[in-house]
Amino acid sequence: MSVSDRVGEPKLNQPRAEGDNRQILLEVDNLQTHFRTMDGVNRAVDGVSFHVRSGETLAVVGESGCGKSVTAMSILRLIPEPPGKMAGAIRFQGRDLLKLSDKEMRSIRGNEISMIFQEPMTSLNPVLTIGRQIGETLRLHQGMSKQQAEDRAVEMLRLVGIPEPGRRVREYPHQLSGGMRQRVMIAIALACNPKLLIADEPTTALDVTIQAQILDLMRDLKNTVGAAIVLITHDLGVVAEVAERVVVMYAGRKVEEAPVNELFRNPKHPYTQGLLGSVPKLGSSLTGETTRLVEIPGLVPSLKQKIPGCVFATRCPSVTDLCRAVAPALQEKAPNHIAACHYAPVEASVSGTVAA
Amino acid sequence: MWAYIIRRILATIPVMAIVALFVFSLLYLSPGDPAAVIAGDQATPDDVERIRASLGLDRPYLVRFGAWTWDILRGDLGTSIFTNLPVSTMIQQRIEPTLSLMIVTLILAVTIAIPMGVVAAWKQGTTIDRCVMAFAVLGFSVPVFVVGYVLAYVFALELDWLPVQGYTPISNGFFPWMENLILPAVALGGVYIALIARITRASMLEVLSQDYVRTARAKGAAQPSILFVHALKNAAVPIVTIIGIGFAGLIGGAVVTESVFAIPGLGRLTVDAILRRDYPVIQGVILLFSFAYVLVNLLVDLSYTLFDPRIRY
Ligand SMILES: Nc1ncnc2c1ncn2[C@@H]1O[C@H](COP(=O)(O)OP(=O)(O)O)[C@@H](O)[C@H]1O
Ligand SMILES: [Mg+2]
C-alpha cells in the first residue's frame with residue numbers, strides 16, 4: 001500500500017523534518033475546499049499541505065479569512081456539502097478521511113480527533129447539562145453507561161480546573177462564565193483521549209487574563225494527555241510559547257512553514273515578515289500582554305478569482321513583474337524551512353539539495 | 001418552581017373572569033329577544049313576560065351576572081330552555097366524543113407534524129422539503145369539511161375500511177373507538193399538522209445553524225441524535241406555543257367535524273343550541289371551551305421551563 005510507504009516521509013511540498021522520527025499522524029495533502037456561492041467559487045482553501053506528528057504541536061497562523069477554520073473543519077469533514085466541496089487527501093494514521101463513510105467518520109470525530117472552537121459562549125448546547133455534554137462522547141465512543149459517563153465527566157471537569165465539579169456537572173452552560181465554558185469544551189474534547197486535538201483560536205473570544213489561564217491549561221494537559229495539537233491562532237505570543245512548528249497561511253494557501261524558532265528568527269516570506277513586524281517576547285502571554293498579528297496595509301485578495309501570480313503580490317512591499325505573472329512554488333529555503341517567494345534567498349546549507 | 005406554577009395559575013383568574021363576563025353578555029349582544037324566541041310564534045305578550053321573569057331577565061344586569069357567576073362556581077351552569085335538563089348534565093353526556101376527538105387529533109398531529117418539520121429542515125431545499133411545504137400549504141387551504149367528506153367517501157364508502165360516521169364509546173373497546181375517530185381526527189388535524197410542521201421546520205432551521213450543532217457533529221453524534229436530542233429541544237418553545245395557539249382552531253374545527261361525521265359531541269350540542277337559541281347551553285359550552293383553551297395555554301407556558309433551563313421561574 002502506497003499510503004504506508006509515505007508514513008514518516010513527508011512529501012516534497014513539506015519540509016523534510018530531519019531529526020524528528022515521531023510517526024506522522026495526520027497528513028493534509030493538497031487540500032482544496034471550495035464553496036459555491038452566488039457570485040462564483042470561493043477558493044477558501046486552495047492546495048494546502050502539511051503534516052502533524054504524534055504528540056507534536058503545530059501552529060497555523062494567518063489573518064482572518066485566510067482559510068484557517070475551513071482547513072480545520074475540513075479535517076473533521078464538518079464542511080457543509082453543498083455549498084462546500086473538498087478535494088485532495090487528508091490521511092490520518094494512513095487512512096484518507098475524505099474516502100471514509102459517514103459512519104466511519106463519526107467514529108473518528110470526538111474520539112480520535114476532536115476540536116475546540118473559537119466561540120465558547122455559543123458552542124455548548126444551552127439546554128443540556130454540562131455532564132450530559134461531556135458524557136455524550138464517552139457513551140458514544142466508549143459505550144459507557146450513564147452513571148460511568150457522569151463519573152468520568154466529573155473527573156474531566158476536575159482535570160480542566162473547574163471548582164466543585166460534582167455540582168457543575170449538573171448545571172447548564174448559561175450558569176458558567178466564558179472561560180469556564182471553554183474549559184468545558186476542552187473537557188469534552190479530551191474526554192476520549194484523542195490522538196489529535198484541533199484548537200481553532202481557543203482563546204480569541206476570551207479576555208486577556210482568562211486567555212493566559214486557558215493556554216496554561218492546554219499546555220499542562222498536552223503533557224498529561226500527549227495528544228498532537230493543531231493550534232490555530234492570531235496570537236504570535238502563543239505560537240512562540242506553545243508551538244514546535246508553524247504553518248503560515250495566506251489567501252487559502254500555505255506560504256511558509258518552519259520550526260518555530262527558525263520562523264521567528266529568520267522569516268523568509270514577506271507576508272510572515274509583515275506579521276512579525278513586532279516580534280513577540282517569549283512568555284508575553286503569561287504576563288497578560290498579547291501580541292496580535294500586526295496590521296499589514298492592503299486587503300486580502302478575493303478568493304473568487306484565480307490569481308495568476310503570487311497571492312501576496314497586491315500587498316507585497318517588494319513586488320516585481322515576475323511576482324504578478326508567475327506563482328512562486330513552495331521551496332526549501334533553509335533546513336526544514338519552506339516558503340513560497342521568488343526572492344527569498346536559499347541558504348547555502350540547502351542550495352545543493354533538490355528543491356520542490 | 002411551585003411558586004411559579006401557582007403564580008401562573010392565579011394569573012389565569014382575571015382572564016377567566018373577563019371571559020365569563022363576555023359569555024354572560026352574549027345574551028344581550030346577539031339579536032332577538034330570548035324570551036320572545038323561547039315563547040315561540042303563538043305566544044302572547046303575557047307569556048313572554050312570564051318567561052322573562054323565569055329567566056331572571058327582569059333583574060338588574062350586574063345582579064344577574066353576580067348570581068350567574070356564583071352558580072357557575074358551584075358547578076351549576078343553569079338549565080336548558082329547550083330540554084329543561086341541567087346544562088352540566090347535557091355537557092357531561094356529550095363531552096366524551098369531543099374530548100376523544102381532540103386528544104386523538106392532538107396526538108396524531110404532533111406525532112406526524114414534528115417529524116415532518118424536522119426532516120424538512122434537515123433536508124432543506126430538497127424534494128422532501130418541498131413536498132412537506134406543499135402539504136403544509138394544502139393543509140391550510142382546504143376546509144375541514146371538504147377533507148372530511150373526501151376521506152369519508154374514499155375510506156368509508158369506496159374502500160369500506162372504516163365506518164362512515166358515528167361514535168363508539170371507549171368503554172366498548174379501544175379499537176371500535178379508534179375506528180370511528182380516525183377519519184374525523186385526520187380531517188380535523190390537517191390544518192393543525194400544517195401549522196405545527198411549518199413552525200417546526202422554521203424553528204429547526206434556525207437551531208441547526210447554531211454553533212452547538214456543529215459541536216455535536218464534531219463529537220461524532222449521528223444525525224438522528226443531532227436532530228432530535230441536540231436541536232429539537234432548543235427548537236421546542238415556538239413549537240409548543242403554536243400547539244397551544246392552534247388549539248383554538250381545533251375547537252372550532254371540532255364543531256364542523258362532528259357535524260360531518262355525525263358525532264354526538266359538544267360541537268353538535270353547540271350547533272343545536274345556537275339554532276334553538278338555547279342560551280344557557282350556549283353559554284355553558286363556550287365557557288367550557290374557553291376554560292380548556294386557557295388551561296392548554298397554561299400548560300404550554302409551564303412546559304417552557306422543561307425545555308429551556310434559561311427561563312426563570
Ligand atoms: N459555509 C461557507 N460558505 C461559503 N463560504 C465560506 C463558508 N465557510 C467559510 N467560508 C469562506 O471561507 C473563507 C475562509 O474562512 P475561514 O476559514 O473562516 O477564515 P479564518 O482563517 O479566519 O478562520 C472566507 O472567505 C469565508 O467567507
Ligand atoms: Mg477562523
# chains A, B, ... in the order shown; residues from 1 in each chain; ligands from 1
>>> residues_near_ligand(ligand="ligand 1", cutoff="7 Å", atoms="only C-alpha atoms and all ligand atoms", output="PyMOL selection string")
chain A and resi 35-37+42+44+62-71+79-80+83-84+303
>>> interface_residues(of="chain A", to="chain B", cutoff="9 Å", atoms="only C-alpha atoms", output="count of residues only")
35
>>> select_by_dssp(residues="region 115-225 of chain A", states="strand (DSSP E)", output="count of residues only")
7
>>> closest_residue(among="B:Glu49, B:Glu206, B:Asp58, B:Asp76", to="Leu232 (chain B)", atoms="only C-alpha atoms")
B:Glu206
>>> select_by_dssp(residues="region 60-245 of chain A", states="alpha helix (DSSP H)", output="count of residues only")
84
>>> closest_residue(among="B:Asp33, B:Glu96, B:Asp272, B:Asp129", to="Ser80 (chain B)", atoms="only C-alpha atoms")
B:Asp272
>>> closest_residue(among="A:Asn336, A:Tyr250, A:Leu215, A:Glu244", to="Pro301 (chain A)", atoms="only C-alpha atoms")
A:Tyr250
>>> closest_residue(among="B:Leu26, B:Val142, B:Met102, B:Ile170", to="Pro280 (chain B)", atoms="only C-alpha atoms")
B:Leu26
>>> residues_around(residues="Ala325 (chain A)", least_positions_apart="3", cutoff="8 Å", atoms="only C-alpha atoms", output="PDB file with N, CA and C atoms, in the first residue's frame")
ATOM      1  N   PRO A 308      -3.202  34.794 -10.919  1.00  0.00           N
ATOM      2  CA  PRO A 308      -2.172  34.196 -11.777  1.00  0.00           C
ATOM      3  C   PRO A 308      -0.806  34.123 -11.099  1.00  0.00           C
ATOM      4  N   GLY A 309      -0.393  35.204 -10.434  1.00  0.00           N
ATOM      5  CA  GLY A 309       0.949  35.218  -9.847  1.00  0.00           C
ATOM      6  C   GLY A 309       0.931  34.846  -8.385  1.00  0.00           C
ATOM      7  N   CYS A 310       1.784  35.523  -7.618  1.00  0.00           N
ATOM      8  CA  CYS A 310       1.874  35.302  -6.182  1.00  0.00           C
ATOM      9  C   CYS A 310       0.633  35.878  -5.505  1.00  0.00           C
ATOM     10  N   ASP A 321       7.411  42.400 -11.454  1.00  0.00           N
ATOM     11  CA  ASP A 321       6.573  41.866 -12.528  1.00  0.00           C
ATOM     12  C   ASP A 321       6.528  40.350 -12.494  1.00  0.00           C
ATOM     13  N   LEU A 322       7.635  39.739 -12.134  1.00  0.00           N
ATOM     14  CA  LEU A 322       7.689  38.281 -12.040  1.00  0.00           C
ATOM     15  C   LEU A 322       6.629  37.781 -11.049  1.00  0.00           C
TER      16      LEU A 322
END
>>> closest_residue(among="A:Val319, A:Thr33, A:Cys192, A:Ala205", to="Glu81 (chain A)", atoms="only C-alpha atoms")
A:Thr33
>>> residues_around(residues="Ala153 (chain A)", least_positions_apart="2", cutoff="7 Å", atoms="only C-alpha atoms", output="list in words")
Gly131, Ile134, Gly135, Ala149, Glu150, Asp151, Glu155, Met156 and Leu157 of chain A
>>> write_last_selection(atoms="all heavy atoms", output="PDB file, in the first residue's frame")
ATOM      1  N   GLY A 131     -22.717  17.863  32.282  1.00  0.00           N
ATOM      2  CA  GLY A 131     -22.371  16.446  32.432  1.00  0.00           C
ATOM      3  C   GLY A 131     -22.800  15.642  31.220  1.00  0.00           C
ATOM      4  O   GLY A 131     -22.058  14.800  30.711  1.00  0.00           O
ATOM      5  N   ILE A 134     -20.473  16.392  28.256  1.00  0.00           N
ATOM      6  CA  ILE A 134     -19.162  15.744  28.328  1.00  0.00           C
ATOM      7  C   ILE A 134     -19.344  14.239  28.161  1.00  0.00           C
ATOM      8  O   ILE A 134     -18.583  13.571  27.468  1.00  0.00           O
ATOM      9  CB  ILE A 134     -18.457  16.052  29.668  1.00  0.00           C
ATOM     10  CG1 ILE A 134     -18.230  17.554  29.810  1.00  0.00           C
ATOM     11  CG2 ILE A 134     -17.131  15.313  29.758  1.00  0.00           C
ATOM     12  CD1 ILE A 134     -17.672  17.963  31.153  1.00  0.00           C
ATOM     13  N   GLY A 135     -20.399  13.726  28.812  1.00  0.00           N
ATOM     14  CA  GLY A 135     -20.635  12.281  28.794  1.00  0.00           C
ATOM     15  C   GLY A 135     -20.998  11.746  27.412  1.00  0.00           C
ATOM     16  O   GLY A 135     -20.798  10.562  27.134  1.00  0.00           O
ATOM     17  N   ALA A 149     -20.434   7.516  32.651  1.00  0.00           N
ATOM     18  CA  ALA A 149     -20.137   8.733  31.885  1.00  0.00           C
ATOM     19  C   ALA A 149     -20.184   9.943  32.794  1.00  0.00           C
ATOM     20  O   ALA A 149     -19.358  10.844  32.691  1.00  0.00           O
ATOM     21  CB  ALA A 149     -21.119   8.880  30.733  1.00  0.00           C
ATOM     22  N   GLU A 150     -21.152   9.954  33.723  1.00  0.00           N
ATOM     23  CA  GLU A 150     -21.235  11.117  34.600  1.00  0.00           C
ATOM     24  C   GLU A 150     -20.033  11.166  35.540  1.00  0.00           C
ATOM     25  O   GLU A 150     -19.458  12.235  35.777  1.00  0.00           O
ATOM     26  CB  GLU A 150     -22.537  11.120  35.391  1.00  0.00           C
ATOM     27  CG  GLU A 150     -22.714  12.466  36.083  1.00  0.00           C
ATOM     28  CD  GLU A 150     -23.985  12.574  36.896  1.00  0.00           C
ATOM     29  OE1 GLU A 150     -25.063  12.292  36.338  1.00  0.00           O
ATOM     30  OE2 GLU A 150     -23.893  12.950  38.077  1.00  0.00           O
ATOM     31  N   ASP A 151     -19.649  10.002  36.066  1.00  0.00           N
ATOM     32  CA  ASP A 151     -18.484   9.967  36.953  1.00  0.00           C
ATOM     33  C   ASP A 151     -17.247  10.478  36.230  1.00  0.00           C
ATOM     34  O   ASP A 151     -16.466  11.259  36.768  1.00  0.00           O
ATOM     35  CB  ASP A 151     -18.239   8.537  37.460  1.00  0.00           C
ATOM     36  CG  ASP A 151     -19.355   8.071  38.380  1.00  0.00           C
ATOM     37  OD1 ASP A 151     -20.153   8.932  38.803  1.00  0.00           O
ATOM     38  OD2 ASP A 151     -19.448   6.860  38.645  1.00  0.00           O
ATOM     39  N   GLU A 155     -14.687  13.803  36.715  1.00  0.00           N
ATOM     40  CA  GLU A 155     -13.229  13.713  36.676  1.00  0.00           C
ATOM     41  C   GLU A 155     -12.643  14.695  35.660  1.00  0.00           C
ATOM     42  O   GLU A 155     -11.653  15.381  35.932  1.00  0.00           O
ATOM     43  CB  GLU A 155     -12.842  12.303  36.206  1.00  0.00           C
ATOM     44  CG  GLU A 155     -12.098  11.444  37.183  1.00  0.00           C
ATOM     45  CD  GLU A 155     -11.982  10.052  36.588  1.00  0.00           C
ATOM     46  OE1 GLU A 155     -11.159   9.878  35.668  1.00  0.00           O
ATOM     47  OE2 GLU A 155     -12.744   9.157  37.007  1.00  0.00           O
ATOM     48  N   MET A 156     -13.247  14.735  34.495  1.00  0.00           N
ATOM     49  CA  MET A 156     -12.760  15.627  33.438  1.00  0.00           C
ATOM     50  C   MET A 156     -12.867  17.086  33.879  1.00  0.00           C
ATOM     51  O   MET A 156     -11.976  17.882  33.625  1.00  0.00           O
ATOM     52  CB  MET A 156     -13.548  15.437  32.139  1.00  0.00           C
ATOM     53  CG  MET A 156     -13.302  14.153  31.387  1.00  0.00           C
ATOM     54  SD  MET A 156     -11.570  13.785  31.049  1.00  0.00           S
ATOM     55  CE  MET A 156     -11.083  15.169  30.032  1.00  0.00           C
ATOM     56  N   LEU A 157     -13.977  17.433  34.542  1.00  0.00           N
ATOM     57  CA  LEU A 157     -14.139  18.815  34.998  1.00  0.00           C
ATOM     58  C   LEU A 157     -13.053  19.170  36.004  1.00  0.00           C
ATOM     59  O   LEU A 157     -12.519  20.276  36.006  1.00  0.00           O
ATOM     60  CB  LEU A 157     -15.523  19.014  35.622  1.00  0.00           C
ATOM     61  CG  LEU A 157     -16.690  19.082  34.651  1.00  0.00           C
ATOM     62  CD1 LEU A 157     -17.997  19.271  35.401  1.00  0.00           C
ATOM     63  CD2 LEU A 157     -16.514  20.226  33.660  1.00  0.00           C
TER      64      LEU A 157
END
>>> residues_around(residues="Met133 (chain B)", least_positions_apart="5", cutoff="9 Å", atoms="only C-alpha atoms", output="list of chain:residue names")
B:Gly117, B:Ala120, B:Ile128, B:Leu138, B:Ala194, B:Ala197, B:Arg198
>>> closest_residue(among="A:Met185, A:Leu98, A:Leu231, A:Ile214", to="ligand 2", atoms="only C-alpha atoms and all ligand atoms")
A:Leu231
>>> residues_around(residues="Glu262 (chain A)", least_positions_apart="6", cutoff="10 Å", atoms="only C-alpha atoms", output="VMD selection string")
chain A and resid 245 to 246 268 334 to 337
>>> write_last_selection(atoms="N, CA and C atoms", output="PDB file, in the first residue's frame")
ATOM      1  N   ARG A 245       6.230  23.821  15.474  1.00  0.00           N
ATOM      2  CA  ARG A 245       6.378  24.144  14.062  1.00  0.00           C
ATOM      3  C   ARG A 245       5.236  25.069  13.690  1.00  0.00           C
ATOM      4  N   VAL A 246       5.417  25.890  12.676  1.00  0.00           N
ATOM      5  CA  VAL A 246       4.403  26.868  12.309  1.00  0.00           C
ATOM      6  C   VAL A 246       4.113  26.791  10.816  1.00  0.00           C
ATOM      7  N   LYS A 268      11.083  34.039   6.018  1.00  0.00           N
ATOM      8  CA  LYS A 268      11.519  34.156   4.629  1.00  0.00           C
ATOM      9  C   LYS A 268      10.493  34.899   3.774  1.00  0.00           C
ATOM     10  N   ALA A 334      15.808  26.949   3.764  1.00  0.00           N
ATOM     11  CA  ALA A 334      16.781  26.632   4.804  1.00  0.00           C
ATOM     12  C   ALA A 334      16.384  25.249   5.319  1.00  0.00           C
ATOM     13  N   PRO A 335      17.181  24.595   6.126  1.00  0.00           N
ATOM     14  CA  PRO A 335      16.789  23.256   6.585  1.00  0.00           C
ATOM     15  C   PRO A 335      15.427  23.294   7.270  1.00  0.00           C
ATOM     16  N   ASN A 336      14.522  22.405   6.844  1.00  0.00           N
ATOM     17  CA  ASN A 336      13.168  22.297   7.411  1.00  0.00           C
ATOM     18  C   ASN A 336      12.337  23.564   7.247  1.00  0.00           C
ATOM     19  N   HIS A 337      12.724  24.424   6.375  1.00  0.00           N
ATOM     20  CA  HIS A 337      12.068  25.724   6.277  1.00  0.00           C
ATOM     21  C   HIS A 337      11.688  25.977   4.811  1.00  0.00           C
TER      22      HIS A 337
END
>>> atom_distance(atom1="CA of Val326 (chain A)", atom2="CA of Phe312 (chain A)")
11.8 Å
>>> atom_distance(atom1="CA of Arg139 (chain A)", atom2="CA of Asn193 (chain A)")
13.7 Å
